[in-house]
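Source file: data17.txt. Holds: compact mmCIF, C-alpha atoms.
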# COMPACT_ATOMS: atom_id res chain seq x y z
CA MET A 1 57.08 80.26 66.76
CA GLY A 2 53.99 80.77 64.56
CA TYR A 3 52.21 82.54 67.42
CA GLN A 4 55.07 84.99 67.99
CA LEU A 5 55.34 85.64 64.25
CA THR A 6 51.63 86.47 64.09
CA LEU A 7 52.06 88.99 66.92
CA VAL A 8 54.65 90.77 64.79
CA LEU A 9 53.11 90.43 61.33
CA VAL A 10 49.53 91.45 62.18
CA PRO A 11 50.43 94.82 63.80
CA LEU A 12 52.97 95.42 61.05
CA ALA A 13 50.37 94.76 58.36
CA LEU A 14 47.90 97.07 60.11
CA PHE A 15 50.53 99.80 60.32
CA VAL A 16 51.40 99.48 56.63
CA LEU A 17 47.68 99.68 55.82
CA PHE A 18 47.40 102.80 57.99
CA LEU A 19 50.38 104.42 56.24
CA TRP A 20 48.79 103.69 52.86
CA TRP A 21 45.51 105.34 53.99
CA TYR A 22 47.12 108.26 55.82
CA GLY A 23 49.49 109.08 52.96
CA GLY A 24 50.82 112.61 52.90
CA ASN A 25 53.56 112.33 50.29
CA GLY A 26 51.80 111.78 46.98
CA ALA A 27 52.45 113.00 43.47
CA PRO A 28 51.40 116.60 42.79
CA MET A 29 48.56 117.40 40.43
CA ASP A 30 49.82 118.05 36.93
CA ALA A 31 48.68 121.00 34.82
CA ALA A 32 45.87 119.02 33.17
CA GLU A 33 44.44 117.86 36.49
CA GLN A 34 44.59 121.39 37.90
CA ALA A 35 42.86 122.78 34.81
CA GLN A 36 40.11 120.15 35.11
CA LEU A 37 39.65 121.01 38.77
CA MET A 38 39.38 124.74 38.06
CA ALA A 39 36.84 124.05 35.29
CA THR A 40 34.75 122.00 37.71
CA LEU A 41 34.89 124.75 40.32
CA ARG A 42 33.88 127.43 37.81
CA GLN A 43 30.94 125.29 36.71
CA ARG A 44 29.82 124.66 40.30
CA LEU A 45 30.20 128.24 41.51
CA GLN A 46 29.04 130.17 38.47
CA GLY A 47 26.37 132.68 39.43
CA THR A 48 26.64 131.97 43.16
CA SER A 49 27.97 133.92 46.12
CA GLY A 50 30.90 131.50 46.18
CA GLU A 51 32.31 132.70 42.86
CA PRO A 52 35.20 134.66 44.51
CA LEU A 53 36.45 131.31 45.82
CA ILE A 54 37.69 130.48 42.32
CA GLU A 55 40.61 132.90 42.57
CA GLU A 56 41.35 131.70 46.12
CA ALA A 57 41.40 128.12 44.84
CA ARG A 58 43.89 129.19 42.17
CA GLN A 59 46.12 130.69 44.87
CA LEU A 60 45.99 127.47 46.88
CA LEU A 61 46.92 125.42 43.83
CA ALA A 62 49.92 127.68 43.22
CA SER A 63 51.69 125.92 46.10
CA GLU A 64 50.58 122.41 45.10
CA ASP A 65 53.23 119.80 45.90
CA GLY A 66 51.21 116.63 46.53
CA LYS A 67 52.11 116.59 50.22
CA GLU A 68 50.09 116.85 53.42
CA PHE A 69 49.34 120.21 54.96
CA VAL A 70 47.26 121.74 57.73
CA MET A 71 44.49 124.24 57.05
CA HIS A 72 44.18 126.90 59.73
CA ASN A 73 40.66 128.30 60.28
CA CYS A 74 39.56 131.30 62.33
CA VAL A 75 35.77 131.47 62.64
CA ARG A 76 33.26 134.04 63.83
CA TYR A 77 29.60 133.01 64.00
CA ARG A 78 26.72 135.07 62.70
CA ALA A 79 24.36 136.57 65.25
CA LYS A 80 21.67 134.31 63.72
CA ALA A 81 22.06 131.44 61.29
CA LEU A 82 21.38 132.58 57.74
CA TYR A 83 19.40 129.81 56.04
CA PRO A 84 17.33 130.33 52.87
CA PRO A 85 13.67 131.34 53.44
CA GLY A 86 11.48 128.38 54.29
CA SER A 87 14.37 126.34 55.68
CA PRO A 88 13.34 123.79 58.33
CA TYR A 89 16.37 124.69 60.47
CA GLY A 90 16.47 127.17 63.32
CA ASP A 91 18.51 130.33 63.57
CA ASP A 92 21.17 129.15 66.06
CA PRO A 93 24.53 129.46 64.25
CA ARG A 94 26.24 126.99 66.59
CA GLU A 95 23.64 124.34 65.83
CA ALA A 96 24.15 125.02 62.12
CA ASP A 97 27.89 124.54 62.58
CA LYS A 98 27.26 121.25 64.42
CA ARG A 99 25.13 120.03 61.50
CA TYR A 100 27.98 120.86 59.18
CA GLY A 101 30.48 119.06 61.41
CA ARG A 102 28.38 115.88 61.58
CA ALA A 103 27.90 115.87 57.80
CA ILE A 104 31.58 116.24 56.88
CA VAL A 105 33.21 113.71 59.24
CA PRO A 106 32.76 110.67 56.91
CA HIS A 107 34.12 112.65 53.95
CA LEU A 108 37.15 113.80 55.93
CA LEU A 109 37.99 110.32 57.20
CA ARG A 110 37.55 108.77 53.76
CA ARG A 111 40.47 110.91 52.61
CA ALA A 112 42.57 110.64 55.79
CA CYS A 113 41.87 114.27 56.62
CA VAL A 114 41.57 114.78 60.36
CA PRO A 115 41.15 117.69 62.79
CA VAL A 116 44.34 118.11 64.80
CA PHE A 117 43.27 121.05 66.97
CA ILE A 118 39.98 122.81 67.71
CA ALA A 119 39.66 125.44 70.45
CA ARG A 120 37.16 128.08 71.57
CA ARG A 121 38.29 131.60 72.32
CA SER A 122 38.62 131.93 76.10
CA GLY A 123 39.66 135.55 76.60
CA ARG A 124 41.44 138.59 75.18
CA PHE A 125 45.07 139.63 75.06
CA ILE A 126 46.49 141.49 72.05
CA ASP A 127 43.93 142.82 69.58
CA CYS A 128 44.57 144.55 66.27
CA GLU A 129 42.19 147.18 65.00
CA GLY A 130 39.67 145.81 62.54
CA VAL A 131 40.29 142.14 63.38
CA PRO A 132 37.07 140.33 64.37
CA GLU A 133 36.62 138.57 67.69
CA TRP A 134 36.97 135.00 66.48
CA HIS A 135 34.78 132.49 68.28
CA TYR A 136 37.04 129.49 67.64
CA VAL A 137 40.04 128.26 65.71
CA ALA A 138 40.43 124.90 64.03
CA MET A 139 43.36 123.19 62.37
CA VAL A 140 42.59 120.32 59.99
CA ARG A 141 45.19 118.04 58.43
CA TYR A 142 44.62 117.27 54.74
CA ARG A 143 46.44 114.49 52.95
CA SER A 144 47.07 116.79 49.98
CA ARG A 145 45.53 119.72 48.13
CA ARG A 146 43.99 117.16 45.79
CA ASP A 147 42.19 115.58 48.75
CA PHE A 148 41.17 119.00 50.06
CA PHE A 149 39.43 119.87 46.80
CA LYS A 150 37.84 116.42 46.50
CA PHE A 151 36.51 116.88 50.02
CA ALA A 152 35.18 120.38 49.21
CA LEU A 153 33.40 119.09 46.08
CA ALA A 154 31.96 116.14 48.01
CA ILE A 155 30.39 118.31 50.70
CA ASN A 156 29.02 120.58 47.99
CA ASP A 157 27.45 117.50 46.37
CA ILE A 158 25.58 116.63 49.57
CA GLY A 159 24.67 120.23 50.36
CA ALA A 160 26.59 120.31 53.67
CA ASP A 161 28.11 123.69 52.84
CA LEU A 162 24.62 125.16 53.33
CA HIS A 163 25.09 124.72 57.10
CA LYS A 164 28.62 126.09 57.05
CA TRP A 165 27.73 129.40 55.42
CA ALA A 166 24.53 129.66 57.45
CA ALA A 167 26.67 129.53 60.60
CA ILE A 168 29.75 131.56 59.67
CA GLY A 169 29.74 135.33 59.54
CA GLN A 170 33.47 135.78 59.00
CA THR A 171 36.37 133.43 58.53
CA VAL A 172 40.04 133.43 57.64
CA VAL A 173 41.43 130.21 56.17
CA PHE A 174 44.99 129.53 55.06
CA PRO A 175 47.31 126.52 54.68
CA VAL A 176 50.25 126.00 57.03
CA LYS A 177 53.05 123.47 57.34
CA PRO A 178 54.34 122.61 60.82
CA ILE A 179 57.86 123.65 61.77
CA ILE A 180 57.63 122.25 65.29
CA SER A 181 54.76 119.92 66.23
CA LEU A 182 54.11 117.43 69.01
CA VAL A 183 51.25 115.90 67.01
CA MET A 184 52.99 112.72 65.83
CA VAL A 185 50.18 110.66 64.34
CA ARG A 186 52.30 107.97 62.65
CA PHE A 187 54.42 107.41 65.78
CA THR A 188 51.30 107.32 67.99
CA VAL A 189 49.60 104.71 65.81
CA ALA A 190 52.76 102.57 65.73
CA ALA A 191 53.09 102.82 69.52
CA LEU A 192 49.44 101.86 70.08
CA LEU A 193 49.73 98.84 67.79
CA ALA A 194 52.91 97.72 69.56
CA LEU A 195 51.25 98.19 72.94
CA ALA A 196 48.19 96.22 71.84
CA ALA A 197 50.41 93.37 70.61
CA ALA A 198 52.37 93.37 73.88
CA LEU A 199 49.22 93.35 76.00
CA PHE A 200 47.76 90.54 73.92
CA ALA A 201 50.97 88.53 74.34
CA LEU A 202 51.01 89.11 78.10
CA THR A 203 47.35 88.15 78.41
CA ALA A 204 47.86 85.01 76.35
CA SER A 205 50.90 84.07 78.46
CA ALA A 206 48.98 84.65 81.68
CA VAL A 207 46.11 82.47 80.45
CA THR A 208 48.59 79.73 79.47
CA VAL A 209 50.31 79.81 82.87
CA PHE A 210 46.96 79.75 84.65
CA ALA A 211 45.80 76.77 82.56
CA ILE A 212 49.05 74.88 83.32
CA ALA A 213 48.65 75.66 87.01
CA LEU A 214 45.09 74.38 87.04
CA SER A 215 46.16 71.27 85.18
CA ALA A 216 48.90 70.61 87.76
CA ILE A 217 46.50 71.08 90.68
CA SER A 218 43.95 68.75 89.21
Rewrite the structure of this file - the entire thing - as structure tokens.
Amino acid sequence: MGYQLTLVLVPLALFVLFLWWYGGNGAPMDAAEQAQLMATLRQRLQGTSGEPLIEEARQLLASEDGKEFVMHNCVRYRAKALYPPGSPYGDDPREADKRYGRAIVPHLLRRACVPVFIARRSGRFIDCEGVPEWHYVAMVRYRSRRDFFKFALAINDIGADLHKWAAIGQTVVFPVKPIISLVMVRFTVAALLALAAALFALTASAVTVFAIALSAIS
């Protein structure tokens, strides 16, 4: 009985731990927290080329609700990576983007923010005048706007955004919320844990039967 109970409780505990980490339905930032965030951004970006981002951050905060969302990114690379003079890096924008990607993964995962879709452009169909030829699109799930801004400040702290802006010539970024989606992360994790528990139980049963059979033969 204890063995069967363990097979239920361990996956259940792991799933509860996952739900706690993955979140997605937290309390929204209050006015004081938003004001503190904007002050931090103004201090960080003052006198830099990123100063226009302050107003864009304000627009993003206008729809703050504490819940998960997906950030949609359209990206066009520069012809050559634009690093500061004397930089030890080359001028390949795709290599610069890879450096950025490697640097941000730990900071994304720490906040349960995960890429849900990344795809390269593979052709042309309907084009609108003045719209760039995007090289790729990416959709990244963020646990909340709070986590998005904490992530953005963290990568600024480590200087990873240097690689991002060296690589990107043009980009369009905006938050979306799925209406229809087949990306069911919580269900998938629950199914995998249940499958692992079932396979473990079957393996343990098979080993037990084999041991009994050997014992009978001997």
Shell of 12 Å around region 194-211 of chain A, all atoms listed in the file, local chain residues under 2 positions omitted, as a PDB file with C-alpha atoms, keeping the file's coordinate frame:
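Output saved as part-v7.pdb:
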ATOM      1  CA  TYR A   3      52.210  82.540  67.420  1.00  0.00           C
ATOM      2  CA  GLN A   4      55.070  84.990  67.990  1.00  0.00           C
ATOM      3  CA  LEU A   5      55.340  85.640  64.250  1.00  0.00           C
ATOM      4  CA  THR A   6      51.630  86.470  64.090  1.00  0.00           C
ATOM      5  CA  LEU A   7      52.060  88.990  66.920  1.00  0.00           C
ATOM      6  CA  VAL A   8      54.650  90.770  64.790  1.00  0.00           C
ATOM      7  CA  LEU A   9      53.110  90.430  61.330  1.00  0.00           C
ATOM      8  CA  VAL A  10      49.530  91.450  62.180  1.00  0.00           C
ATOM      9  CA  PRO A  11      50.430  94.820  63.800  1.00  0.00           C
ATOM     10  CA  LEU A  12      52.970  95.420  61.050  1.00  0.00           C
ATOM     11  CA  ALA A  13      50.370  94.760  58.360  1.00  0.00           C
ATOM     12  CA  LEU A  14      47.900  97.070  60.110  1.00  0.00           C
ATOM     13  CA  PHE A  15      50.530  99.800  60.320  1.00  0.00           C
ATOM     14  CA  PHE A 187      54.420 107.410  65.780  1.00  0.00           C
ATOM     15  CA  THR A 188      51.300 107.320  67.990  1.00  0.00           C
ATOM     16  CA  VAL A 189      49.600 104.710  65.810  1.00  0.00           C
ATOM     17  CA  ALA A 190      52.760 102.570  65.730  1.00  0.00           C
ATOM     18  CA  ALA A 191      53.090 102.820  69.520  1.00  0.00           C
ATOM     19  CA  LEU A 192      49.440 101.860  70.080  1.00  0.00           C
ATOM     20  CA  ALA A 213      48.650  75.660  87.010  1.00  0.00           C
ATOM     21  CA  LEU A 214      45.090  74.380  87.040  1.00  0.00           C
ATOM     22  CA  SER A 215      46.160  71.270  85.180  1.00  0.00           C
ATOM     23  CA  ALA A 216      48.900  70.610  87.760  1.00  0.00           C
ATOM     24  CA  ILE A 217      46.500  71.080  90.680  1.00  0.00           C
ATOM     25  CA  SER A 218      43.950  68.750  89.210  1.00  0.00           C
TER      26      SER A 218
END
- [ ] Would you kindly return, as a ChimeraX atom specification, each protein, DNA or RNA residue with an atom no farther than 12 Å from any atom of Ile104 (chain A), considering only C-alpha atoms and excluding same-chain residues fewer than 3 positions away?
- [x] /A:97-101,107-111,113-115,151-164
With C-alpha atoms retained, export the selected residues as a short mmCIF file (atom, residue, chain, number, x, y, z; two decimals), in the coordinates of the input.
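Wrote again28.cif, looks like this:
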data_model
loop_
_atom_site.label_atom_id
_atom_site.label_comp_id
_atom_site.auth_asym_id
_atom_site.auth_seq_id
_atom_site.Cartn_x
_atom_site.Cartn_y
_atom_site.Cartn_z
CA ASP A 97 27.89 124.54 62.58
CA LYS A 98 27.26 121.25 64.42
CA ARG A 99 25.13 120.03 61.50
CA TYR A 100 27.98 120.86 59.18
CA GLY A 101 30.48 119.06 61.41
CA HIS A 107 34.12 112.65 53.95
CA LEU A 108 37.15 113.80 55.93
CA LEU A 109 37.99 110.32 57.20
CA ARG A 110 37.55 108.77 53.76
CA ARG A 111 40.47 110.91 52.61
CA CYS A 113 41.87 114.27 56.62
CA VAL A 114 41.57 114.78 60.36
CA PRO A 115 41.15 117.69 62.79
CA PHE A 151 36.51 116.88 50.02
CA ALA A 152 35.18 120.38 49.21
CA LEU A 153 33.40 119.09 46.08
CA ALA A 154 31.96 116.14 48.01
CA ILE A 155 30.39 118.31 50.70
CA ASN A 156 29.02 120.58 47.99
CA ASP A 157 27.45 117.50 46.37
CA ILE A 158 25.58 116.63 49.57
CA GLY A 159 24.67 120.23 50.36
CA ALA A 160 26.59 120.31 53.67
CA ASP A 161 28.11 123.69 52.84
CA LEU A 162 24.62 125.16 53.33
CA HIS A 163 25.09 124.72 57.10
CA LYS A 164 28.62 126.09 57.05
#
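Closest approach to Lys80 (chain A) among A:Met139, A:Ala96, A:Met184, A:Ala57: A:Ala96, based on only C-alpha atoms.
Shortest separation to Tyr136 (chain A) among A:Leu61, A:Leu82, A:Val176, A:Cys74 occurs at residue A:Cys74, atoms counted being only C-alpha atoms.
When only C-alpha atoms are used to compute distances to Trp134 (chain A), the closest of the residues A:Tyr77, A:Ile179, A:Val173, A:Ala103 turns out to be A:Tyr77.
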Taking the structure in the block just given, could you write region 66-167 of chain A with C-alpha atoms, as an mmCIF file, in the first residue's frame?
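This went into selection_28.cif:
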data_model
loop_
_atom_site.group_PDB
_atom_site.id
_atom_site.type_symbol
_atom_site.label_atom_id
_atom_site.label_comp_id
_atom_site.auth_asym_id
_atom_site.auth_seq_id
_atom_site.Cartn_x
_atom_site.Cartn_y
_atom_site.Cartn_z
ATOM 1 C CA GLY A 66 -0.724 39.963 -13.006
ATOM 2 C CA LYS A 67 -1.449 37.125 -15.431
ATOM 3 C CA GLU A 68 0.645 35.249 -17.968
ATOM 4 C CA PHE A 69 0.937 36.487 -21.523
ATOM 5 C CA VAL A 70 2.875 35.784 -24.697
ATOM 6 C CA MET A 71 5.197 38.342 -26.280
ATOM 7 C CA HIS A 72 5.202 38.217 -30.069
ATOM 8 C CA ASN A 73 8.486 39.242 -31.747
ATOM 9 C CA CYS A 74 9.198 39.920 -35.413
ATOM 10 C CA VAL A 75 12.928 40.329 -36.067
ATOM 11 C CA ARG A 76 15.059 41.534 -38.944
ATOM 12 C CA TYR A 77 18.837 41.223 -38.623
ATOM 13 C CA ARG A 78 21.307 43.949 -39.457
ATOM 14 C CA ALA A 79 23.519 43.428 -42.487
ATOM 15 C CA LYS A 80 26.450 43.394 -40.025
ATOM 16 C CA ALA A 81 26.409 43.177 -36.255
ATOM 17 C CA LEU A 82 26.741 46.626 -34.710
ATOM 18 C CA TYR A 83 29.053 46.273 -31.706
ATOM 19 C CA PRO A 84 30.874 49.217 -30.086
ATOM 20 C CA PRO A 85 34.352 49.990 -31.508
ATOM 21 C CA GLY A 86 37.014 47.683 -30.121
ATOM 22 C CA SER A 87 34.536 44.897 -29.354
ATOM 23 C CA PRO A 88 36.064 41.400 -29.413
ATOM 24 C CA TYR A 89 33.031 40.033 -31.272
ATOM 25 C CA GLY A 90 32.676 39.600 -35.010
ATOM 26 C CA ASP A 91 30.183 41.262 -37.305
ATOM 27 C CA ASP A 92 27.853 38.292 -37.929
ATOM 28 C CA PRO A 93 24.404 39.352 -36.642
ATOM 29 C CA ARG A 94 23.206 35.757 -36.312
ATOM 30 C CA GLU A 95 26.148 34.888 -34.085
ATOM 31 C CA ALA A 96 25.374 37.975 -31.995
ATOM 32 C CA ASP A 97 21.772 36.798 -31.651
ATOM 33 C CA LYS A 98 22.985 33.341 -30.574
ATOM 34 C CA ARG A 99 25.146 34.941 -27.879
ATOM 35 C CA TYR A 100 22.104 36.792 -26.655
ATOM 36 C CA GLY A 101 20.018 33.618 -26.663
ATOM 37 C CA ARG A 102 22.583 31.655 -24.652
ATOM 38 C CA ALA A 103 22.893 34.463 -22.103
ATOM 39 C CA ILE A 104 19.168 34.877 -21.434
ATOM 40 C CA VAL A 105 18.049 31.233 -21.075
ATOM 41 C CA PRO A 106 18.858 30.947 -17.312
ATOM 42 C CA HIS A 107 17.084 34.247 -16.620
ATOM 43 C CA LEU A 108 14.002 33.156 -18.555
ATOM 44 C CA LEU A 109 13.764 29.785 -16.828
ATOM 45 C CA ARG A 110 14.288 31.303 -13.390
ATOM 46 C CA ARG A 111 11.030 33.175 -13.911
ATOM 47 C CA ALA A 112 9.131 30.390 -15.715
ATOM 48 C CA CYS A 113 9.297 32.324 -18.976
ATOM 49 C CA VAL A 114 9.682 29.981 -21.929
ATOM 50 C CA PRO A 115 9.752 30.225 -25.736
ATOM 51 C CA VAL A 116 6.627 28.601 -27.149
ATOM 52 C CA PHE A 117 7.325 29.147 -30.850
ATOM 53 C CA ILE A 118 10.341 30.238 -32.910
ATOM 54 C CA ALA A 119 10.368 30.056 -36.716
ATOM 55 C CA ARG A 120 12.479 31.360 -39.602
ATOM 56 C CA ARG A 121 10.852 33.015 -42.568
ATOM 57 C CA SER A 122 10.637 30.445 -45.369
ATOM 58 C CA GLY A 123 9.081 32.370 -48.247
ATOM 59 C CA ARG A 124 6.783 35.197 -49.327
ATOM 60 C CA PHE A 125 3.035 35.479 -49.697
ATOM 61 C CA ILE A 126 1.220 38.729 -48.872
ATOM 62 C CA ASP A 127 3.427 41.769 -48.361
ATOM 63 C CA CYS A 128 2.382 45.253 -47.296
ATOM 64 C CA GLU A 129 4.265 48.272 -48.531
ATOM 65 C CA GLY A 130 6.862 49.493 -46.070
ATOM 66 C CA VAL A 131 6.854 46.335 -43.928
ATOM 67 C CA PRO A 132 10.357 44.833 -43.558
ATOM 68 C CA GLU A 133 11.220 41.300 -44.594
ATOM 69 C CA TRP A 134 11.367 39.736 -41.152
ATOM 70 C CA HIS A 135 14.002 37.036 -40.742
ATOM 71 C CA TYR A 136 12.203 35.185 -37.943
ATOM 72 C CA VAL A 137 9.345 35.343 -35.484
ATOM 73 C CA ALA A 138 9.410 34.261 -31.863
ATOM 74 C CA MET A 139 6.711 33.915 -29.246
ATOM 75 C CA VAL A 140 7.799 33.832 -25.607
ATOM 76 C CA ARG A 141 5.519 33.077 -22.667
ATOM 77 C CA TYR A 142 6.036 35.320 -19.633
ATOM 78 C CA ARG A 143 4.596 34.509 -16.240
ATOM 79 C CA SER A 144 3.489 38.132 -15.831
ATOM 80 C CA ARG A 145 4.466 41.656 -16.813
ATOM 81 C CA ARG A 146 6.281 41.856 -13.485
ATOM 82 C CA ASP A 147 8.432 38.890 -14.516
ATOM 83 C CA PHE A 148 8.974 40.371 -17.974
ATOM 84 C CA PHE A 149 10.413 43.567 -16.524
ATOM 85 C CA LYS A 150 12.498 41.690 -13.943
ATOM 86 C CA PHE A 151 13.899 39.617 -16.800
ATOM 87 C CA ALA A 152 14.633 42.739 -18.883
ATOM 88 C CA LEU A 153 16.447 44.400 -15.963
ATOM 89 C CA ALA A 154 18.415 41.208 -15.261
ATOM 90 C CA ILE A 155 19.744 40.924 -18.808
ATOM 91 C CA ASN A 156 20.628 44.611 -18.704
ATOM 92 C CA ASP A 157 22.584 43.943 -15.497
ATOM 93 C CA ILE A 158 24.701 41.282 -17.207
ATOM 94 C CA GLY A 159 25.075 43.247 -20.434
ATOM 95 C CA ALA A 160 23.318 40.636 -22.600
ATOM 96 C CA ASP A 161 21.257 43.296 -24.360
ATOM 97 C CA LEU A 162 24.500 44.405 -26.042
ATOM 98 C CA HIS A 163 24.265 41.302 -28.262
ATOM 99 C CA LYS A 164 20.569 41.770 -28.927
ATOM 100 C CA TRP A 165 20.863 45.306 -30.293
ATOM 101 C CA ALA A 166 24.071 44.442 -32.132
ATOM 102 C CA ALA A 167 22.119 41.765 -34.018
#
